[in-house]
Amino acid sequence: MDKKYWENKYKDGETHWNIGYVSTPLKEYADSLEDKTIKVLIPGAGNAYEAEYLHSLGFNNVYVLEISSPAIENFKKRVPDFPAEHIIEGDFFTHTGKYDLILEQTFFCAIERKRRKEYAVKMRDLLNEGGKLAGLLFGHEFGKDEPPFGGTKEEYESIFSEYFIIDEMEVARNSIKPREGRELFFELTRR
Ligand SMILES: C[S@@+](CC[C@H](N)C(=O)[O-])C[C@H]1O[C@@H](n2cnc3c(N)ncnc32)[C@H](O)[C@@H]1O
């Protein structure tokens, strides 16, 4: 599941995860944020509807990080006024920087299970003191040996609690219809 694997998904049009608009839980979360100057990262952003939405609200410090070149090109075409220097083609695991908020939307489920702890450590390292990681995680298993990889609240708590204070991790009350009851909304604060 390297760069090539993901790029082929875009080239072959196998982007079944793509909602086509900002997910309702992340839209409402974005609407609740008061400080529009915070530095936000969206890793594994795909078509990056969340970044587009934050941009439309006037957030001017939002970064898109994505390993797949076709996804980056799609985003640049769709949102031409998004600052080019905030669109990063690269690997999350080698990315460096410091952010106030990182948004998770079907990126964790795309990562191999054996890298979950590495994901948590990397997220912690990419956040400023008191920074937040927030978003959605699938709350069930898919039973497949390719993405999406699911999990349980207990498993996620055990992965993240060493590095984050878990402010919230509950079944989302505002999911899009096909994901209703199947995803957890979470907000974590960097320890
Ligand atoms: C399941 S898709 C989700 C895309 C988007 N977040 C969405 O919800 O539509 C996972 C995305 O993560 C990207 N990706 C996978 N591994 C990555 C990595 N190591 N660094 C950055 N992006 C990665 C893939 O190219 C793909 O666009």
# chains A, B, ... in the order shown; residues from 1 in each chain; ligands from 1

$ residues_near_ligand --ligand "ligand 1" --cutoff "10 Å" --atoms "only C-alpha atoms and all ligand atoms" --output "number ranges by chain"
A: 1-10, 15-23, 42-50, 64-72, 88-95, 103-112, 119, 136, 147-149

$ select_by_dssp --residues "chain A" --states "helix (DSSP H, G or I)" --output "VMD selection string"
chain A and resid 3 to 11 24 to 32 49 to 57 69 to 78 84 to 86 92 to 94 108 to 110 113 to 126 153 to 160 177 to 179

$ residues_around --residues "range 124-132 of chain A" --least-positions-apart "3" --cutoff "7 Å" --atoms "only C-alpha atoms" --output "number ranges by chain"
A: 96-102, 120-121, 163, 187-190

$ write_last_selection --atoms "C-alpha atoms" --output "tab-separated table (two decimals), in the first residue's frame"
chain	number	residue	atom	x	y	z
A	96	THR	CA	7.58	17.42	9.37
A	97	GLY	CA	5.87	20.50	10.74
A	98	LYS	CA	3.80	21.73	13.65
A	99	TYR	CA	0.06	22.25	13.60
A	100	ASP	CA	-2.68	23.34	16.01
A	101	LEU	CA	-5.27	20.97	14.60
A	102	ILE	CA	-5.13	17.83	12.46
A	120	ALA	CA	-0.41	7.99	16.80
A	121	VAL	CA	3.20	8.97	17.59
A	163	TYR	CA	-0.04	10.23	23.58
A	187	GLU	CA	-11.38	14.80	19.60
A	188	LEU	CA	-7.98	14.27	21.26
A	189	THR	CA	-5.61	16.74	22.89
A	190	ARG	CA	-1.85	16.21	22.63

$ residues_around --residues "Thr24 in chain A" --least-positions-apart "4" --cutoff "10 Å" --atoms "only C-alpha atoms" --output "PyMOL selection string"
chain A and resi 28-30+50+172-177

$ atom_distance --atom1 "CA of Met123 in chain A" --atom2 "CA of Ile87 in chain A"
18.3 Å

$ residues_around --residues "Glu170 in chain A" --least-positions-apart "6" --cutoff "9 Å" --atoms "only C-alpha atoms" --output "CSV table (one decimal) with N, CA, C and O atoms, in the first residue's frame"
chain,number,residue,atom,x,y,z
A,153,LYS,N,-13.8,1.1,19.6
A,153,LYS,CA,-13.5,2.2,20.5
A,153,LYS,C,-12.4,1.8,21.5
A,153,LYS,O,-11.4,2.6,21.7
A,183,GLU,N,-19.5,5.0,12.6
A,183,GLU,CA,-18.3,5.7,12.8
A,183,GLU,C,-18.3,6.5,14.1
A,183,GLU,O,-19.4,6.9,14.6
A,184,LEU,N,-17.1,6.7,14.7
A,184,LEU,CA,-16.9,7.4,15.9
A,184,LEU,C,-16.4,8.8,15.6
A,184,LEU,O,-15.5,8.9,14.8
A,185,PHE,N,-17.0,9.8,16.3
A,185,PHE,CA,-16.4,11.1,16.2
A,185,PHE,C,-15.5,11.2,17.4
A,185,PHE,O,-15.8,10.9,18.5
A,186,PHE,N,-14.2,11.7,17.2
A,186,PHE,CA,-13.3,11.8,18.3
A,186,PHE,C,-12.6,13.2,18.3
A,186,PHE,O,-12.4,13.8,17.2

$ residues_around --residues "Glu34 in chain A" --least-positions-apart "6" --cutoff "12 Å" --atoms "only C-alpha atoms" --output "NGL selection string"
:A and (54 or 57-59)

$ write_last_selection --atoms "C-alpha atoms" --output "PDB file, in the first residue's frame"
ATOM      1  CA  LEU A  54     -12.357  25.403   5.752  1.00  0.00           C
ATOM      2  CA  LEU A  57     -15.033  29.712   5.754  1.00  0.00           C
ATOM      3  CA  GLY A  58     -11.945  31.943   5.721  1.00  0.00           C
ATOM      4  CA  PHE A  59      -9.417  29.663   7.442  1.00  0.00           C
TER       5      PHE A  59
END

$ select_by_dssp --residues "chain A" --states "strand (DSSP E)" --output "count of residues only"
46

$ atom_distance --atom1 "CA of Arg182 in chain A" --atom2 "CA of Asn74 in chain A"
28.3 Å

$ closest_residue --among "A:Asn61, A:Ser56, A:Thr152, A:Ser32" --to "Val79 in chain A" --atoms "only C-alpha atoms"
A:Ser56

$ atom_distance --atom1 "CA of Tyr156 in chain A" --atom2 "CA of Lys122 in chain A"
15.2 Å
